[in-house]
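Structure file work16.txt; described as compact mmCIF, C-alpha atoms.
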```txt
# COMPACT_ATOMS: atom_id res chain seq x y z
CA MET A 882 10.74 -14.51 -20.38
CA ARG A 883 10.32 -10.99 -19.07
CA LEU A 884 7.28 -9.61 -17.23
CA LEU A 885 5.95 -6.80 -19.39
CA LEU A 886 4.56 -4.98 -16.37
CA ASP A 887 8.07 -4.45 -15.03
CA LEU A 888 8.64 -1.93 -17.84
CA HIS A 889 7.90 1.77 -17.61
CA PRO A 890 5.28 2.67 -20.26
CA ASP A 891 7.86 4.70 -22.20
CA ASP A 892 9.96 1.53 -22.54
CA TYR A 893 7.28 -0.79 -23.93
CA PRO A 894 8.62 -2.85 -26.84
CA LEU A 895 6.43 -1.41 -29.61
CA GLY A 896 6.73 2.11 -30.93
CA GLY A 897 4.34 4.85 -31.92
CA TYR A 898 0.73 3.91 -32.54
CA ARG A 899 1.28 0.21 -31.75
CA ARG A 900 2.72 1.05 -28.36
CA LYS A 901 -0.35 3.16 -27.59
CA GLN A 902 -2.58 0.24 -28.56
CA LEU A 903 -0.60 -2.13 -26.34
CA LEU A 904 -0.83 0.24 -23.39
CA GLU A 905 -4.59 0.60 -23.87
CA TRP A 906 -5.03 -3.15 -23.86
CA VAL A 907 -3.05 -3.53 -20.66
CA PHE A 908 -4.16 -0.52 -18.61
CA VAL A 909 -7.59 0.42 -19.99
CA HIS A 910 -9.04 -2.94 -21.04
CA GLY A 911 -7.06 -4.98 -18.51
CA ALA A 912 -6.14 -7.72 -20.98
CA GLY A 913 -4.53 -10.69 -19.30
CA GLU A 914 -3.11 -12.25 -22.44
CA PHE A 915 -1.68 -11.03 -25.73
CA ALA A 916 -4.10 -13.17 -27.75
CA ALA A 917 -6.95 -10.87 -26.65
CA MET A 918 -5.34 -7.82 -28.31
CA SER A 919 -7.39 -8.14 -31.48
CA ASN A 920 -6.26 -4.94 -33.21
CA LEU A 921 -2.58 -5.92 -33.07
CA PRO A 922 -1.29 -7.94 -36.03
CA THR A 923 -0.98 -11.67 -35.39
CA GLY A 924 2.78 -11.55 -35.92
CA LEU A 925 3.23 -8.86 -33.29
CA ARG A 926 1.11 -10.77 -30.79
CA GLU A 927 3.14 -13.91 -31.38
CA GLU A 928 6.38 -11.94 -30.94
CA LEU A 929 5.16 -10.46 -27.68
CA GLU A 930 4.07 -13.91 -26.51
CA ARG A 931 7.57 -15.26 -27.15
CA ASP A 932 9.40 -12.50 -25.30
CA TYR A 933 7.06 -11.38 -22.52
CA THR A 934 4.49 -12.53 -20.03
CA LEU A 935 1.56 -10.39 -18.86
CA ASP A 936 0.53 -12.27 -15.73
CA PRO A 937 2.87 -12.41 -12.71
CA PHE A 938 0.67 -14.84 -10.78
CA LYS A 939 0.31 -18.60 -10.78
CA LYS A 940 -2.91 -18.63 -8.77
CA ILE A 941 -5.35 -16.10 -7.33
CA GLU A 942 -7.83 -16.71 -4.51
CA THR A 943 -10.36 -14.24 -3.14
CA PHE A 944 -11.97 -13.84 0.28
CA SER A 945 -14.99 -11.58 0.55
CA SER A 946 -15.99 -9.53 3.58
CA THR A 947 -19.50 -8.63 4.67
CA ASP A 948 -18.58 -4.96 4.09
CA GLU A 949 -17.91 -5.76 0.39
CA SER A 950 -14.14 -5.56 0.74
CA VAL A 951 -12.27 -8.41 -0.95
CA LYS A 952 -8.91 -9.86 0.02
CA TYR A 953 -6.86 -11.22 -2.87
CA LEU A 954 -4.30 -13.93 -2.13
CA PHE A 955 -1.70 -14.20 -4.89
CA THR A 956 0.58 -17.16 -5.45
CA LEU A 957 3.70 -16.27 -7.41
CA PRO A 958 5.50 -18.63 -9.81
CA ASP A 959 8.11 -19.41 -7.13
CA GLY A 960 5.34 -20.53 -4.77
CA ARG A 961 5.55 -17.52 -2.45
CA GLN A 962 2.36 -15.69 -1.56
CA MET A 963 1.21 -12.18 -0.75
CA GLU A 964 -2.03 -10.25 -0.57
CA ALA A 965 -3.87 -7.13 -1.72
CA VAL A 966 -7.22 -5.71 -0.61
CA TYR A 967 -10.00 -4.17 -2.71
CA MET A 968 -12.19 -1.67 -0.83
CA PRO A 969 -15.22 -0.19 -2.62
CA TYR A 970 -16.76 2.99 -1.23
CA LEU A 971 -19.73 5.02 -2.47
CA ASP A 972 -17.47 7.67 -4.00
CA ARG A 973 -14.32 5.72 -4.84
CA LYS A 974 -12.69 2.34 -5.33
CA THR A 975 -9.49 1.81 -3.37
CA ILE A 976 -6.85 -0.88 -3.53
CA CYS A 977 -4.20 -1.65 -0.91
CA VAL A 978 -1.17 -3.34 -2.49
CA SER A 979 1.86 -5.16 -1.16
CA THR A 980 5.49 -4.43 -2.01
CA MET A 981 7.00 -7.53 -0.38
CA VAL A 982 6.28 -11.11 0.51
CA GLY A 983 6.04 -10.79 4.29
CA CYS A 984 7.72 -7.90 6.06
CA PRO A 985 11.06 -7.36 7.82
CA ALA A 986 9.79 -4.58 10.13
CA ARG A 987 8.28 -7.13 12.55
CA CYS A 988 5.82 -4.77 14.24
CA ALA A 989 4.64 -6.78 17.23
CA PHE A 990 0.95 -6.03 16.71
CA CYS A 991 0.97 -6.83 12.98
CA ALA A 992 0.25 -10.32 11.66
CA THR A 993 2.33 -9.66 8.55
CA GLY A 994 5.37 -8.89 10.69
CA ALA A 995 4.97 -12.25 12.40
CA LEU A 996 5.49 -13.95 9.03
CA GLY A 997 8.98 -12.53 8.65
CA PHE A 998 10.49 -11.45 5.33
CA GLY A 999 10.18 -13.53 2.16
CA ARG A 1000 11.39 -11.38 -0.72
CA ASN A 1001 10.88 -8.09 -2.50
CA LEU A 1002 8.30 -7.83 -5.25
CA SER A 1003 9.21 -6.45 -8.64
CA ALA A 1004 7.49 -3.33 -9.98
CA GLY A 1005 5.44 -5.53 -12.29
CA GLU A 1006 4.33 -7.75 -9.43
CA VAL A 1007 3.06 -4.64 -7.65
CA VAL A 1008 1.28 -3.26 -10.73
CA GLY A 1009 -0.03 -6.74 -11.51
CA GLN A 1010 -2.03 -6.72 -8.27
CA ILE A 1011 -4.05 -3.76 -9.53
CA LEU A 1012 -4.74 -5.34 -12.91
CA ALA A 1013 -5.69 -8.68 -11.35
CA VAL A 1014 -8.08 -7.06 -8.87
CA ALA A 1015 -9.69 -5.05 -11.66
CA ARG A 1016 -10.27 -8.23 -13.68
CA GLY A 1017 -11.58 -10.02 -10.60
CA GLU A 1018 -14.07 -7.23 -9.88
CA GLY A 1019 -15.15 -6.82 -13.51
CA LEU A 1020 -13.65 -3.33 -13.73
CA SER A 1021 -11.30 -1.46 -15.97
CA PRO A 1022 -7.95 -0.93 -14.20
CA ARG A 1023 -8.62 2.79 -14.50
CA ASP A 1024 -11.71 2.43 -12.32
CA LEU A 1025 -9.38 1.93 -9.35
CA ARG A 1026 -8.53 5.54 -8.59
CA ASN A 1027 -7.20 5.34 -5.03
CA LEU A 1028 -4.16 3.29 -4.08
CA VAL A 1029 -2.19 2.77 -0.90
CA PHE A 1030 1.17 1.05 -0.60
CA MET A 1031 0.05 -0.28 2.76
CA GLY A 1032 -0.20 -4.04 2.33
CA MET A 1033 2.57 -6.51 3.07
CA GLY A 1034 6.07 -5.11 3.33
CA GLU A 1035 7.95 -1.88 3.92
CA PRO A 1036 7.85 0.08 0.63
CA LEU A 1037 10.98 2.11 1.38
CA LEU A 1038 13.03 -1.08 1.82
CA ASN A 1039 12.01 -2.09 -1.70
CA TYR A 1040 12.59 1.42 -2.89
CA ASP A 1041 13.38 1.10 -6.60
CA ALA A 1042 10.52 -1.29 -7.39
CA THR A 1043 8.05 0.76 -5.36
CA ILE A 1044 8.98 4.03 -7.04
CA THR A 1045 8.96 2.44 -10.50
CA SER A 1046 5.49 1.02 -9.84
CA ALA A 1047 4.31 4.43 -8.61
CA ARG A 1048 5.54 6.08 -11.80
CA ILE A 1049 3.65 3.46 -13.83
CA LEU A 1050 0.48 4.20 -11.85
CA LEU A 1051 0.80 7.92 -12.54
CA HIS A 1052 1.77 7.70 -16.23
CA PRO A 1053 -1.02 9.20 -18.38
CA GLN A 1054 -0.87 6.31 -20.86
CA ALA A 1055 -0.89 3.70 -18.12
CA LEU A 1056 -3.25 4.04 -15.14
CA GLY A 1057 -3.20 7.84 -15.09
CA MET A 1058 -3.75 8.04 -11.34
CA SER A 1059 -3.74 11.35 -9.49
CA ARG A 1060 -0.75 11.94 -7.20
CA ARG A 1061 -3.20 13.04 -4.53
CA ARG A 1062 -4.80 9.59 -4.56
CA VAL A 1063 -1.64 7.51 -4.13
CA THR A 1064 -0.26 7.05 -0.61
CA LEU A 1065 2.97 5.40 0.47
CA SER A 1066 2.99 4.11 4.04
CA THR A 1067 6.27 3.56 5.85
CA VAL A 1068 7.13 2.37 9.34
CA GLY A 1069 9.39 5.42 9.54
CA LEU A 1070 12.67 5.03 7.64
CA ALA A 1071 14.15 8.50 7.84
CA LYS A 1072 16.71 7.97 5.07
CA GLY A 1073 14.03 6.65 2.72
CA ILE A 1074 11.67 9.52 3.51
CA ARG A 1075 14.40 12.02 2.66
CA ARG A 1076 15.12 10.18 -0.58
CA LEU A 1077 11.43 10.10 -1.46
CA ALA A 1078 11.19 13.86 -1.00
CA LEU A 1079 13.75 14.36 -3.75
CA GLU A 1080 11.95 12.27 -6.39
CA ASP A 1081 11.27 14.71 -9.20
CA ASP A 1082 7.59 15.11 -10.09
CA LEU A 1083 6.45 12.13 -8.03
CA GLY A 1084 4.51 14.01 -5.36
CA ILE A 1085 2.56 11.12 -3.87
CA LYS A 1086 1.25 11.26 -0.31
CA LEU A 1087 3.28 10.07 2.67
CA ALA A 1088 1.93 8.20 5.70
CA ILE A 1089 4.21 7.36 8.62
CA SER A 1090 3.29 4.49 10.93
CA LEU A 1091 4.48 6.05 14.17
CA HIS A 1092 2.32 4.12 16.67
CA ALA A 1093 4.02 5.62 19.74
CA PRO A 1094 5.44 9.05 20.65
CA ASP A 1095 8.06 7.76 23.10
CA GLU A 1096 11.10 5.63 22.29
CA GLU A 1097 10.53 3.02 24.99
CA THR A 1098 7.06 2.13 23.75
CA ARG A 1099 7.91 2.37 20.07
CA GLN A 1100 10.91 0.07 20.34
CA ARG A 1101 8.79 -2.39 22.29
CA ILE A 1102 6.14 -2.68 19.59
CA ILE A 1103 8.43 -2.04 16.59
CA PRO A 1104 11.62 -4.04 17.28
CA THR A 1105 13.39 -2.54 14.28
CA GLY A 1106 12.53 0.97 15.52
CA HIS A 1107 15.91 1.41 17.21
CA ALA A 1108 17.45 2.07 13.79
CA ASN A 1109 15.30 5.18 13.31
CA SER A 1110 14.75 7.37 16.34
CA ILE A 1111 11.53 9.32 16.69
CA THR A 1112 13.61 12.50 16.58
CA ASP A 1113 15.08 11.53 13.20
CA ILE A 1114 11.72 10.38 11.84
CA MET A 1115 10.11 13.69 12.74
CA ALA A 1116 13.01 15.64 11.28
CA SER A 1117 12.70 13.71 8.00
CA ALA A 1118 8.94 14.35 7.95
CA ARG A 1119 9.55 18.08 8.30
CA GLU A 1120 12.13 17.99 5.52
CA TYR A 1121 9.71 16.05 3.33
CA GLN A 1122 7.05 18.68 3.89
CA GLN A 1123 9.46 21.53 3.27
CA VAL A 1124 10.53 20.05 -0.08
CA THR A 1125 7.16 18.77 -1.34
CA GLY A 1126 4.63 21.04 0.37
CA ARG A 1127 2.61 17.93 1.21
CA ARG A 1128 0.73 17.26 4.43
CA VAL A 1129 2.07 14.23 6.28
CA THR A 1130 -0.25 11.59 7.70
CA PHE A 1131 0.64 9.65 10.84
CA GLU A 1132 -0.86 6.20 11.38
CA TYR A 1133 -1.41 5.23 15.00
CA ALA A 1134 -2.68 1.75 15.93
CA MET A 1135 -4.50 1.95 19.26
CA LEU A 1136 -3.20 -0.78 21.59
CA ARG A 1137 -4.91 -1.03 24.94
CA GLY A 1138 -2.64 -0.23 27.86
CA VAL A 1139 0.38 0.19 25.58
CA ASN A 1140 0.20 3.44 23.61
CA ASP A 1141 -3.25 4.86 24.37
CA SER A 1142 -2.62 6.95 27.49
CA VAL A 1143 -3.52 10.63 27.64
CA TRP A 1144 0.11 11.52 28.37
CA GLN A 1145 1.09 9.80 25.14
CA ALA A 1146 -1.51 11.82 23.24
CA GLU A 1147 -0.04 14.98 24.75
CA LEU A 1148 3.48 13.94 23.75
CA LEU A 1149 2.30 13.12 20.23
CA ALA A 1150 0.74 16.57 19.94
CA ASP A 1151 4.05 18.11 21.03
CA LEU A 1152 5.90 16.14 18.33
CA LEU A 1153 3.53 17.40 15.64
CA ARG A 1154 3.64 21.07 16.61
CA GLY A 1155 4.38 23.24 13.57
CA LEU A 1156 3.91 20.37 11.10
CA VAL A 1157 0.95 20.27 8.72
CA SER A 1158 -0.25 16.80 9.56
CA HIS A 1159 -3.16 14.46 10.09
CA VAL A 1160 -3.35 11.59 12.57
CA ASN A 1161 -5.30 8.45 11.78
CA LEU A 1162 -6.19 6.55 14.93
CA ILE A 1163 -6.67 2.90 13.94
CA PRO A 1164 -8.38 0.45 16.29
CA MET A 1165 -6.04 -2.53 16.56
CA ASN A 1166 -7.40 -5.33 14.38
CA PRO A 1167 -7.31 -8.63 16.25
CA TRP A 1168 -5.48 -11.72 15.07
CA GLU A 1169 -4.74 -14.98 16.82
CA GLY A 1170 -1.60 -14.90 18.93
CA SER A 1171 -1.00 -11.15 18.76
CA GLY A 1172 -0.90 -10.63 22.53
CA PHE A 1173 -2.54 -7.22 22.14
CA GLU A 1174 -6.04 -5.84 22.56
CA GLU A 1175 -7.66 -2.89 20.86
CA SER A 1176 -8.28 0.18 22.98
CA THR A 1177 -11.79 0.67 24.28
CA GLU A 1178 -14.02 3.30 22.72
CA ALA A 1179 -13.64 5.43 25.86
CA GLU A 1180 -9.83 5.22 25.75
CA MET A 1181 -9.79 6.05 22.07
CA GLN A 1182 -12.14 8.98 22.57
CA ALA A 1183 -9.96 10.39 25.36
CA PHE A 1184 -6.90 10.11 23.12
CA TYR A 1185 -8.79 11.74 20.24
CA ASP A 1186 -10.09 14.58 22.42
CA THR A 1187 -6.60 15.29 23.78
CA LEU A 1188 -5.15 15.61 20.30
CA GLU A 1189 -8.02 17.73 19.06
CA ALA A 1190 -7.75 20.06 22.05
CA ARG A 1191 -4.08 20.56 21.19
CA GLY A 1192 -4.98 21.59 17.62
CA VAL A 1193 -4.05 18.29 15.93
CA GLU A 1194 -6.15 17.25 12.95
CA VAL A 1195 -7.26 13.73 13.83
CA SER A 1196 -9.72 11.07 12.72
CA VAL A 1197 -10.52 7.46 13.57
CA ARG A 1198 -10.00 5.09 10.66
CA ARG A 1199 -12.15 1.99 10.92
CA SER A 1200 -10.47 -0.76 8.94
CA ARG A 1201 -12.50 -2.75 6.48
CA GLY A 1202 -12.47 -6.47 5.83
CA ARG A 1203 -11.89 -7.66 9.40
CA ASP A 1204 -13.94 -10.83 8.94
CA ALA A 1205 -11.91 -11.78 5.86
CA GLY A 1206 -8.53 -11.13 7.52
CA ALA A 1207 -8.09 -8.12 5.25
CA ALA A 1208 -7.89 -5.26 7.75
CA CYS A 1209 -4.75 -3.28 8.62
CA GLY A 1210 -2.29 -5.52 10.42
CA GLN A 1211 -4.17 -8.72 9.56
CA LEU A 1212 -2.57 -9.69 6.25
CA ALA A 1213 -0.99 -13.04 7.05
CA LEU A 1214 -2.01 -15.40 4.23
CA LYS A 1215 -4.90 -16.73 6.30
CA GLN A 1216 -7.69 -18.44 4.36
CA PRO A 1217 -11.10 -18.15 6.08
CA GLY A 1218 -12.77 -21.14 4.47
CA ALA A 1219 -16.32 -19.81 4.81
CA VAL A 1220 -15.66 -17.00 2.38
CA GLN A 1221 -13.07 -18.52 0.06
CA ALA A 1222 -13.59 -18.34 -3.67
CA ILE A 1223 -11.25 -19.29 -6.45
CA ALA A 1224 -10.45 -16.82 -9.19
CA GLY A 1225 -7.97 -19.10 -10.91
CA VAL A 1226 -5.65 -17.99 -13.65
```
Representation of the structure as structure tokens:
Amino acid sequence: MRLLLDLHPDDYPLGGYRRKQLLEWVFVHGAGEFAAMSNLPTGLREELERDYTLDPFKKIETFSSTDESVKYLFTLPDGRQMEAVYMPYLDRKTICVSTMVGCPARCAFCATGALGFGRNLSAGEVVGQILAVARGEGLSPRDLRNLVFMGMGEPLLNYDATITSARILLHPQALGMSRRRVTLSTVGLAKGIRRLALEDDLGIKLAISLHAPDEETRQRIIPTGHANSITDIMASAREYQQVTGRRVTFEYAMLRGVNDSVWQAELLADLLRGLVSHVNLIPMNPWEGSGFEESTEAEMQAFYDTLEARGVEVSVRRSRGRDAGAACGQLALKQPGAVQAIAGV
């Protein structure tokens, strides 16, 4: 039986008016089963039920944070697990989705990397996270207007499924998201960045997890970093900007005594010269056994001031959901019992 969500909206099994109805049920009303699609003839619903499934998950658990963020733990039919995070703000509702079970990048400061790599997710398993979170929060899927491919996994190593899911998000008869509100985060795969730049009419935002401006430090904290030099990453970022006209964001986890020196801020500013960019400084989010500490406020301020003085657009991004294990770098299938709730399927 095939997962319906793996299909691009133009390839849905019904034609014409019926296809439009089916898409509305899935992406506007967030229907989790064909039986709920009351304006489709019974025969069509039974046919869809025979050939397709709508729900990619065997079980869903939720873990709520005091800041109103919610971590969703998904169990797939094969027993593997991954997570997504719902983050409500006053002016928007954002979801952070995963593209893999685990992650092969093995960033030393990231709890997901410590899990290792499980498997790639299909496009439908990515899109299914959005629909499941919407149902869990009592929303229409179209109420979730901001999305980041920044959960578990390296999106550019699961390229085809990630791009297919992005095209589903943007399709006007599916979720109809704005390209400006969809961000793909990569650890810095130069070949994948160049390929992404050439995707016709995709135009989503790019964020590069650089985390260090010098090779020695970067290869220490990102063991797979030797395959993509900083020089090549920066060259691919410039090519991406030249082709797409998009600003490039650089993510930078602040690790005390590792990558937070003033000289490293100066070197980072040199790397970014001439590039339209923005740097997000992210306080390292603690997790048991990481071996790292977050930079102090004074160290982070000195780093920030150095970048700003060099003309770099910079901000500090405070991660949400720390107490629920939902912050950047914390996704590791942990289940804080005090906040666990079951949203069974």
Exercise for review: Return the single residue from A:Asp1024, A:Glu1189, A:Glu927, A:Glu1018 that is closest to Val1160 in chain A, with distances computed using all atoms listed in the file.
Suggested key: A:Glu1189
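Among the candidates A:Ser945, A:Thr1043, A:Thr1130, A:Ser1059, the one nearest to Val978 in chain A when counting all atoms listed in the file is A:Thr1043.
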Exercise for review: Dump as a PyMOL selection string all residues having an atom at most 10 Å from (-4.4, 7.6, 10.3), computed in the file's coordinates with only C-alpha atoms.
Suggested key: chain A and resi 1088-1092+1130-1134+1159-1163+1195-1199
Check your understanding: Between A:Val1068, A:Leu1002, A:Ala912, A:Leu885, which is the closest to Thr980 in chain A once you count all atoms listed in the file?
Key ->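 Nearest to Thr980 in chain A: A:Leu1002.
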Exercise for review: Compare A:Ala995, A:Leu904, A:Val1139, A:Leu1156 by their minimum atom-to-atom distance to Leu1056 in chain A, counting all atoms listed in the file, and give me the closest one.
Suggested key: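 Closest candidate: A:Leu904.
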Review point. So how far away is CA of Val1129 in chain A from CA of Val1008 in chain A, in Å?
Key: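 CA of Val1008 in chain A sits 24.4 Å away from CA of Val1129 in chain A.
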Study note, to complete from the structure: Using all atoms listed in the file, the shortest atom-to-atom distance to Glu1035 in chain A among A:Ser919, A:Thr943, A:Thr1105, A:Gln962 belongs to A:Thr1105
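As for CA of Val909 in chain A and CA of Tyr967 in chain A, they are spaced 18.0 Å apart.
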So which residues fall inside 8 Å of (-3.0, -8.6, -20.5) if we count all atoms listed in the file? Mind giving them as a PDB file with C-alpha atoms, in the frame of the given file?
```
ATOM      1  CA  TRP A 906      -5.030  -3.150 -23.860  1.00  0.00           C
ATOM      2  CA  VAL A 907      -3.050  -3.530 -20.660  1.00  0.00           C
ATOM      3  CA  GLY A 911      -7.060  -4.980 -18.510  1.00  0.00           C
ATOM      4  CA  ALA A 912      -6.140  -7.720 -20.980  1.00  0.00           C
ATOM      5  CA  GLY A 913      -4.530 -10.690 -19.300  1.00  0.00           C
ATOM      6  CA  GLU A 914      -3.110 -12.250 -22.440  1.00  0.00           C
ATOM      7  CA  PHE A 915      -1.680 -11.030 -25.730  1.00  0.00           C
ATOM      8  CA  ALA A 917      -6.950 -10.870 -26.650  1.00  0.00           C
ATOM      9  CA  LEU A 935       1.560 -10.390 -18.860  1.00  0.00           C
ATOM     10  CA  ASP A 936       0.530 -12.270 -15.730  1.00  0.00           C
TER      11      ASP A 936
END
```
**Study point:** Atomic separation - CA of Arg1076 in chain A relative to CA of Met1115 in chain A, Å
**Key:**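 These atoms are spaced 14.7 Å apart.
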